[in-house]
Every structure is written in C-alpha cells, then in structure tokens.
Amino acid sequence: MNDYITGTVIHGEGNGRKFGFPTANVRPDTPVNIEKGAYAAWVKYDGKRHKGMLYVGTRPTLNLQEITYEIHVIDANPNLYGKRIAFKPVYKIAEEKKFRSKKELINALFDYKESAKVILSPFYSHHFNATRTHLDDIMTIIGQAKRRMKEQGLDQWQDGYPDEAAILNDIKHKQGHVFRKRFVFAAYAAIVFDKDPYYEKIDGKWLSNGEPYVTVHRLAVHDDFLGLDLARHALKFAERKARAKGVKWFRIDTHHDNRAMRNLIRDFGFTLCGVVQVRDGMRMAYEKKL
Ligand SMILES: Cc1cc2nc3c(=O)[nH]c(=O)nc-3n(C[C@H](O)[C@H](O)[C@H](O)COP(=O)(O)O)c2cc1C
C-alpha cells in the first residue's frame, strides 16, 4: 500500500507531553481500518516526512473506551494542533496493552521508540539470500518499483520483466538477495557474477577487457523504505561480495531517464562507458574498478 492516511489533528498532547511522549490525536478524513496496536509510522506535515509512531486503540491503561489514532513524532516536538497531517503505518511493533501503571506504559513507549527508529532508519538490519518462500514479498517490491517507473514516465520494466521466472532464476543461481528491516522486506537485488550476454556488445568501450566482473540487476526498493539509502547499501554489499571473491570490476546499466539510479551510480564512482542494448531497450552502461 502506497497511500498515506490523511486527517486533521483534533487534540492531544495532554498527558503525553508530561511524560515525554506528546501525541497528536488525528481524525482521519475517511474511516480507516487499522488493527489496534503500536506502529512505526511515517508522518507527513508541512510538506516533510518524519519518523513517528502511531497508536491505534482505546487507551485501556487510562480506562478509556473510544478508539483514537495518536501520532508521536520522533525527535521533534511540533505543535500540530488543527493541522493537516498524513501518516502511514509501516510495521506493527506491539499489540495494545492495559499496563499496570503509567510507569510501565512509559517504559514500553521508550522501547517502542527504539524499535521504530531502527525500522525507519537508513540502515538495514539484515541481509539474506532469497529463497522461494520470499517470492511473494520480492514480487511486491518489484511491482512497486514498476509502478513508480510508470508514474515517472519511464519505459523501463513496463513489459512484464522482471517477472517471477526471472526472480526464480536468481534464486536458483543463488544470486537473489533480500534486504530486510527487522521483519519487513525492504529491498531486493540480484548480484550476478556470470557474464551478462547483453554486455558483450557495447556502443562505446568497457574499461576492463575480458576480466571477471560483478553486476547488479533487478534492484528494487519497497515504497515504505525509499529515501533511506537501501539501494546504496545493496551496491555496497555487491562490492564487498566481489572483493571477497577477488573480482576487480563492477558493471551496471540503467535507463537514460532513471535519474535517481544514474545519480547513485555516478556517486559510486562509476564511469559511463557507452550504451548497451538489453531486452527492452537501450541502457547507459557503466563500469568501475574495485
Ligand atoms: C506508540 C504508542 C503506543 C501506545 N500504546 C498504548 C497501549 O498499549 N495501551 C494504552 O493504554 N495506551 C497506549 N498508548 C497511549 C497512551 O496511553 C497515550 O498516548 C497517553 O495516555 C497520552 O495521551 P494524551 O496525551 O492524549 O493525554 C500508546 C501511545 C503511543 C504513542
């Protein structure tokens, strides 16, 4: 789900402010259906995205009954009263509880905050090799990337590729990698050490000549984890893997109009070598010495 839930801040910052967790009580514009609990959430106001927590529940610790949507913004203390706000739960941290005391509730909130920070931070917590059991999650991430490319008017990945068969092939060749934040799938990349047939012919000139190289294909980041440098982590991971194998070259290609990817590639110190023809069109081809 890419959509943020929008609403207006009606009140809050009452008890919460006193114990260090001011919350904004949001009235959603349309009825929402989110399970009760505490979530790591993105919060948008004044045109900017912030790390936050969302609580959906009735506040049983205070013996209240009405369902509320409370937002706590992490590392900021904005006055949101009356403002428009948008939020998006990313990961459920805990079920709603009736705590025995305020003190217990506050202790729990400190724990939740640490979890939320990890989940929404620029560092991934875990990497592992993709297996068949991850296929659905990977296809979700790939599907989101396809949709974003379409929205940007890119004709990359608009003909069905990468499809399940391509990912299953990555898995079979042990070149599929999943980047996870806690238990959330955040990014996918195929790290390939076989020669790429599409790189055999180039309109231009590769830097290396016949030596082994690594390449990254099918790199995709989950909607909820954009802007957190996960693509950069995936490329760094590929570099480390290549160095460990004694591979000295890194090749990569991307669409001419894929500005985000071209910027990332340039930042990484790749040299533009020319243009290659891949299955669905022409791509800018880059290489770097490791
Ligand atoms: C992330 C988060 C999780 C929460 N979880 C619970 C909970 O499990 N049980 C509960 O009674 N209240 C929970 N609360 C709600 C607090 O009770 C509430 O924020 C506090 O009472 C302050 O409310 P006020 O500022 O509107 O007075 C949670 C609040 C936040 C921000």
# chains A, B, ... in the order shown; residues from 1 in each chain; ligands from 1

$ residues_near_ligand --ligand "ligand 1" --cutoff "7 Å" --atoms "only C-alpha atoms and all ligand atoms" --output "ChimeraX atom specification"
/A:12-17,21-23,25,37-39,53-55,58-62,70-72,95-99,105,109,112

$ write_last_selection --atoms "N, CA and C atoms" --output "short mmCIF file (atom, residue, chain, number, x, y, z; two decimals), in the first residue's frame"
data_model
loop_
_atom_site.label_atom_id
_atom_site.label_comp_id
_atom_site.auth_asym_id
_atom_site.auth_seq_id
_atom_site.Cartn_x
_atom_site.Cartn_y
_atom_site.Cartn_z
N GLY A 12 -4.90 16.49 21.77
CA GLY A 12 -3.86 15.60 22.25
C GLY A 12 -2.81 16.39 22.98
N GLU A 13 -1.63 15.82 23.09
CA GLU A 13 -0.53 16.49 23.77
C GLU A 13 -0.90 16.84 25.20
N GLY A 14 -1.85 16.09 25.74
CA GLY A 14 -2.27 16.31 27.12
C GLY A 14 -1.36 15.57 28.06
N ASN A 15 -1.77 14.36 28.46
CA ASN A 15 -0.93 13.56 29.37
C ASN A 15 0.42 13.25 28.75
N GLY A 16 0.38 12.98 27.46
CA GLY A 16 1.59 12.54 26.77
C GLY A 16 2.73 13.51 26.94
N ARG A 17 2.44 14.79 26.84
CA ARG A 17 3.50 15.78 26.93
C ARG A 17 4.22 15.70 28.27
N PHE A 21 6.06 11.86 25.82
CA PHE A 21 5.56 11.33 24.55
C PHE A 21 4.33 12.09 24.09
N PRO A 22 4.54 13.35 23.71
CA PRO A 22 3.38 14.10 23.22
C PRO A 22 2.79 13.43 22.00
N THR A 23 1.48 13.37 21.97
CA THR A 23 0.85 12.75 20.80
C THR A 23 -0.19 13.70 20.22
N ASN A 25 -3.67 13.74 18.30
CA ASN A 25 -4.84 12.90 18.10
C ASN A 25 -5.44 13.26 16.74
N GLY A 37 -3.00 -1.28 18.03
CA GLY A 37 -1.61 -1.58 18.34
C GLY A 37 -0.71 -0.38 18.17
N ALA A 38 0.59 -0.62 18.38
CA ALA A 38 1.60 0.44 18.23
C ALA A 38 2.41 0.15 16.97
N TYR A 39 2.62 1.17 16.15
CA TYR A 39 3.28 1.00 14.86
C TYR A 39 4.43 1.99 14.68
N MET A 53 5.54 7.34 15.49
CA MET A 53 4.83 6.15 15.95
C MET A 53 3.35 6.44 15.87
N LEU A 54 2.61 5.40 15.56
CA LEU A 54 1.15 5.52 15.53
C LEU A 54 0.59 4.57 16.59
N TYR A 55 -0.35 5.07 17.35
CA TYR A 55 -1.07 4.19 18.27
C TYR A 55 -2.54 4.19 17.88
N THR A 58 -7.80 2.20 22.39
CA THR A 58 -8.76 2.88 23.28
C THR A 58 -8.11 3.39 24.57
N ARG A 59 -6.80 3.23 24.70
CA ARG A 59 -6.04 3.61 25.90
C ARG A 59 -6.60 2.92 27.16
N PRO A 60 -6.57 1.60 27.16
CA PRO A 60 -7.12 0.86 28.31
C PRO A 60 -6.40 1.19 29.63
N THR A 61 -5.13 1.58 29.53
CA THR A 61 -4.40 1.91 30.77
C THR A 61 -5.08 3.07 31.50
N LEU A 62 -5.70 3.96 30.72
CA LEU A 62 -6.39 5.11 31.31
C LEU A 62 -7.89 4.82 31.47
N GLU A 70 -3.43 8.08 17.52
CA GLU A 70 -2.47 9.03 18.09
C GLU A 70 -1.14 8.92 17.37
N ILE A 71 -0.56 10.07 17.08
CA ILE A 71 0.74 10.12 16.42
C ILE A 71 1.75 10.75 17.35
N HIS A 72 2.89 10.09 17.52
CA HIS A 72 4.02 10.71 18.21
C HIS A 72 5.13 10.90 17.19
N GLU A 95 1.17 -5.13 20.31
CA GLU A 95 -0.28 -5.13 20.49
C GLU A 95 -0.65 -4.07 21.53
N GLU A 96 -1.89 -3.66 21.51
CA GLU A 96 -2.37 -2.78 22.58
C GLU A 96 -2.38 -3.53 23.91
N LYS A 97 -2.02 -2.82 24.98
CA LYS A 97 -1.99 -3.47 26.30
C LYS A 97 -2.64 -2.58 27.35
N LYS A 98 -3.13 -3.25 28.39
CA LYS A 98 -3.54 -2.47 29.57
C LYS A 98 -2.37 -2.58 30.54
N PHE A 99 -1.62 -1.52 30.66
CA PHE A 99 -0.44 -1.54 31.54
C PHE A 99 -0.90 -1.38 32.98
N LEU A 105 3.74 1.85 31.16
CA LEU A 105 3.39 2.35 29.82
C LEU A 105 4.55 3.17 29.26
N LEU A 109 6.83 2.64 25.95
CA LEU A 109 6.93 3.63 24.87
C LEU A 109 8.38 3.90 24.50
N TYR A 112 9.33 1.00 22.33
CA TYR A 112 8.71 1.11 21.01
C TYR A 112 9.46 2.13 20.16
#

$ residues_around --residues "region 234-246 of chain A" --least-positions-apart "3" --cutoff "8 Å" --atoms "only C-alpha atoms" --output "list in words"
Phe179, Ala189, Ile191, Tyr213, Val214, Thr215, Val216, Leu230, Ala231, Phe250 and Leu290 of chain A

$ select_by_dssp --residues "region 52-241 of chain A" --states "strand (DSSP E)" --output "PDB file with C-alpha atoms, in the first residue's frame"
ATOM      1  CA  GLY A  52       6.980   8.576  14.064  1.00  0.00           C
ATOM      2  CA  MET A  53       4.830   6.152  15.955  1.00  0.00           C
ATOM      3  CA  LEU A  54       1.151   5.515  15.531  1.00  0.00           C
ATOM      4  CA  TYR A  55      -1.072   4.188  18.271  1.00  0.00           C
ATOM      5  CA  VAL A  56      -4.481   2.853  17.387  1.00  0.00           C
ATOM      6  CA  GLY A  57      -6.544   1.915  20.411  1.00  0.00           C
ATOM      7  CA  THR A  68      -8.147   7.000  18.922  1.00  0.00           C
ATOM      8  CA  TYR A  69      -5.442   7.493  16.307  1.00  0.00           C
ATOM      9  CA  GLU A  70      -2.473   9.030  18.088  1.00  0.00           C
ATOM     10  CA  ILE A  71       0.741  10.117  16.420  1.00  0.00           C
ATOM     11  CA  HIS A  72       4.016  10.713  18.214  1.00  0.00           C
ATOM     12  CA  VAL A  73       6.706  12.383  16.126  1.00  0.00           C
ATOM     13  CA  ARG A  84      -3.404  18.656   8.264  1.00  0.00           C
ATOM     14  CA  ILE A  85      -1.370  15.510   8.731  1.00  0.00           C
ATOM     15  CA  ALA A  86      -0.746  12.274   6.843  1.00  0.00           C
ATOM     16  CA  PHE A  87       0.535   9.037   8.236  1.00  0.00           C
ATOM     17  CA  LYS A  88       1.417   5.575   7.104  1.00  0.00           C
ATOM     18  CA  PRO A  89       1.921   2.615   9.419  1.00  0.00           C
ATOM     19  CA  VAL A  90       4.975   0.654   8.293  1.00  0.00           C
ATOM     20  CA  TYR A  91       5.437  -2.033  10.890  1.00  0.00           C
ATOM     21  CA  LYS A  92       3.462  -3.203  13.904  1.00  0.00           C
ATOM     22  CA  ILE A  93       5.685  -3.027  16.968  1.00  0.00           C
ATOM     23  CA  ALA A  94       3.276  -4.212  19.670  1.00  0.00           C
ATOM     24  CA  HIS A 126      19.605  -7.814   7.943  1.00  0.00           C
ATOM     25  CA  HIS A 127      20.537  -9.289   4.627  1.00  0.00           C
ATOM     26  CA  PHE A 128      19.965 -12.806   3.403  1.00  0.00           C
ATOM     27  CA  ASN A 129      19.868 -14.934   0.308  1.00  0.00           C
ATOM     28  CA  GLY A 176      18.956 -13.159  -5.332  1.00  0.00           C
ATOM     29  CA  HIS A 177      19.389 -11.037  -2.210  1.00  0.00           C
ATOM     30  CA  VAL A 178      16.815  -9.616   0.158  1.00  0.00           C
ATOM     31  CA  PHE A 179      17.446  -6.640   2.422  1.00  0.00           C
ATOM     32  CA  ARG A 180      15.241  -6.645   5.443  1.00  0.00           C
ATOM     33  CA  LYS A 181      14.476  -4.215   8.227  1.00  0.00           C
ATOM     34  CA  VAL A 184       9.956  -6.194   6.881  1.00  0.00           C
ATOM     35  CA  PHE A 185      11.226  -6.827   3.373  1.00  0.00           C
ATOM     36  CA  ALA A 186      12.741  -3.563   2.237  1.00  0.00           C
ATOM     37  CA  ALA A 187      14.713  -4.158  -0.946  1.00  0.00           C
ATOM     38  CA  TYR A 188      15.752  -6.757  -3.494  1.00  0.00           C
ATOM     39  CA  ALA A 189      18.799  -7.072  -5.699  1.00  0.00           C
ATOM     40  CA  ALA A 190      20.296  -9.740  -7.917  1.00  0.00           C
ATOM     41  CA  ILE A 191      24.073  -9.798  -7.584  1.00  0.00           C
ATOM     42  CA  VAL A 192      25.400 -11.609 -10.597  1.00  0.00           C
ATOM     43  CA  ASP A 203      28.350   1.146 -28.325  1.00  0.00           C
ATOM     44  CA  GLY A 204      31.403   2.571 -26.573  1.00  0.00           C
ATOM     45  CA  TYR A 213      33.060  -8.611 -13.146  1.00  0.00           C
ATOM     46  CA  VAL A 214      30.109  -8.339 -10.811  1.00  0.00           C
ATOM     47  CA  THR A 215      26.846  -6.720 -11.824  1.00  0.00           C
ATOM     48  CA  VAL A 216      23.642  -5.777 -10.025  1.00  0.00           C
ATOM     49  CA  HIS A 217      20.291  -6.321 -11.694  1.00  0.00           C
ATOM     50  CA  ARG A 218      16.658  -6.117 -10.662  1.00  0.00           C
ATOM     51  CA  LEU A 219      17.398  -3.679  -7.859  1.00  0.00           C
ATOM     52  CA  ALA A 220      14.133  -2.563  -6.261  1.00  0.00           C
ATOM     53  CA  VAL A 221      13.223  -0.807  -3.005  1.00  0.00           C
TER      54      VAL A 221
END

$ atom_distance --atom1 "CA of Ala116 (chain A)" --atom2 "CA of Phe225 (chain A)"
12.9 Å

$ residues_around --residues "region 260-262 of chain A" --least-positions-apart "3" --cutoff "10 Å" --atoms "only C-alpha atoms" --output "list in words"
Leu219, Ala231, Arg232, Asp253, Thr254, His255, His256, Asp257, Ile265, Arg266, Asp267, Phe268, Phe270, Leu272, Met284 and Tyr286 of chain A

$ write_last_selection --atoms "N, CA and C atoms" --output "PDB file, in the first residue's frame"
ATOM      1  N   LEU A 219      17.325  -4.381  -9.142  1.00  0.00           N
ATOM      2  CA  LEU A 219      17.398  -3.679  -7.859  1.00  0.00           C
ATOM      3  C   LEU A 219      16.086  -2.923  -7.638  1.00  0.00           C
ATOM      4  N   ALA A 231      19.272   1.306  -1.704  1.00  0.00           N
ATOM      5  CA  ALA A 231      19.891   0.957  -2.984  1.00  0.00           C
ATOM      6  C   ALA A 231      21.412   1.072  -2.851  1.00  0.00           C
ATOM      7  N   ARG A 232      21.834   2.103  -2.144  1.00  0.00           N
ATOM      8  CA  ARG A 232      23.272   2.299  -1.904  1.00  0.00           C
ATOM      9  C   ARG A 232      23.844   1.115  -1.104  1.00  0.00           C
ATOM     10  N   ASP A 253      24.019  -1.171 -15.525  1.00  0.00           N
ATOM     11  CA  ASP A 253      23.373  -0.358 -16.561  1.00  0.00           C
ATOM     12  C   ASP A 253      22.064   0.192 -16.027  1.00  0.00           C
ATOM     13  N   THR A 254      21.646   1.278 -16.601  1.00  0.00           N
ATOM     14  CA  THR A 254      20.325   1.816 -16.241  1.00  0.00           C
ATOM     15  C   THR A 254      19.757   2.643 -17.383  1.00  0.00           C
ATOM     16  N   HIS A 255      18.476   2.910 -17.267  1.00  0.00           N
ATOM     17  CA  HIS A 255      17.770   3.700 -18.278  1.00  0.00           C
ATOM     18  C   HIS A 255      18.268   5.150 -18.257  1.00  0.00           C
ATOM     19  N   HIS A 256      18.370   5.726 -19.442  1.00  0.00           N
ATOM     20  CA  HIS A 256      18.839   7.107 -19.555  1.00  0.00           C
ATOM     21  C   HIS A 256      18.047   8.062 -18.658  1.00  0.00           C
ATOM     22  N   ASP A 257      16.734   7.835 -18.554  1.00  0.00           N
ATOM     23  CA  ASP A 257      15.883   8.772 -17.803  1.00  0.00           C
ATOM     24  C   ASP A 257      15.700   8.397 -16.336  1.00  0.00           C
ATOM     25  N   ILE A 265      24.671   5.857  -9.290  1.00  0.00           N
ATOM     26  CA  ILE A 265      25.790   5.214  -9.988  1.00  0.00           C
ATOM     27  C   ILE A 265      26.980   6.181 -10.088  1.00  0.00           C
ATOM     28  N   ARG A 266      26.663   7.419 -10.400  1.00  0.00           N
ATOM     29  CA  ARG A 266      27.740   8.417 -10.509  1.00  0.00           C
ATOM     30  C   ARG A 266      28.407   8.626  -9.151  1.00  0.00           C
ATOM     31  N   ASP A 267      27.594   8.736  -8.095  1.00  0.00           N
ATOM     32  CA  ASP A 267      28.127   8.882  -6.726  1.00  0.00           C
ATOM     33  C   ASP A 267      29.064   7.744  -6.357  1.00  0.00           C
ATOM     34  N   PHE A 268      28.782   6.592  -6.896  1.00  0.00           N
ATOM     35  CA  PHE A 268      29.578   5.410  -6.564  1.00  0.00           C
ATOM     36  C   PHE A 268      30.902   5.369  -7.304  1.00  0.00           C
ATOM     37  N   PHE A 270      31.336   5.234 -10.715  1.00  0.00           N
ATOM     38  CA  PHE A 270      31.341   4.507 -11.988  1.00  0.00           C
ATOM     39  C   PHE A 270      31.678   5.459 -13.136  1.00  0.00           C
ATOM     40  N   LEU A 272      30.905   6.231 -17.139  1.00  0.00           N
ATOM     41  CA  LEU A 272      29.981   5.928 -18.236  1.00  0.00           C
ATOM     42  C   LEU A 272      30.798   5.410 -19.415  1.00  0.00           C
ATOM     43  N   MET A 284      22.205   2.943 -20.502  1.00  0.00           N
ATOM     44  CA  MET A 284      23.517   3.529 -20.258  1.00  0.00           C
ATOM     45  C   MET A 284      24.329   2.484 -19.495  1.00  0.00           C
ATOM     46  N   TYR A 286      27.796   1.350 -17.407  1.00  0.00           N
ATOM     47  CA  TYR A 286      28.840   1.936 -16.554  1.00  0.00           C
ATOM     48  C   TYR A 286      29.765   0.847 -16.043  1.00  0.00           C
TER      49      TYR A 286
END

$ atom_distance --atom1 "CA of Gln152 (chain A)" --atom2 "CA of Leu264 (chain A)"
17.2 Å

$ closest_residue --among "A:Asn77, A:Gln144, A:Asp170, A:Pro197" --to "Gln158 (chain A)" --atoms "only C-alpha atoms"
A:Gln144

$ select_by_dssp --residues "region 8-171 of chain A" --states "helix (DSSP H, G or I)" --output "JSON, numbers by chain"
{"A": [15, 16, 17, 18, 60, 61, 62, 102, 103, 104, 105, 106, 107, 108, 109, 110, 111, 112, 113, 114, 115, 116, 117, 118, 119, 120, 132, 133, 134, 135, 136, 137, 138, 139, 140, 141, 142, 143, 144, 145, 146, 147, 148, 149, 150, 151, 164, 165, 166, 167, 168, 169, 170, 171]}

$ residues_around --residues "region 132-137 of chain A" --least-positions-apart "3" --cutoff "9 Å" --atoms "only C-alpha atoms" --output "list in words"
Thr140, Ile141, Ile142, Glu164, Ile167, Leu168, Ile171, Lys172, Val178 and Phe185 of chain A

$ closest_residue --among "A:Ile106, A:Ile74, A:Val278, A:Ile202" --to "Val118 (chain A)" --atoms "only C-alpha atoms"
A:Ile74
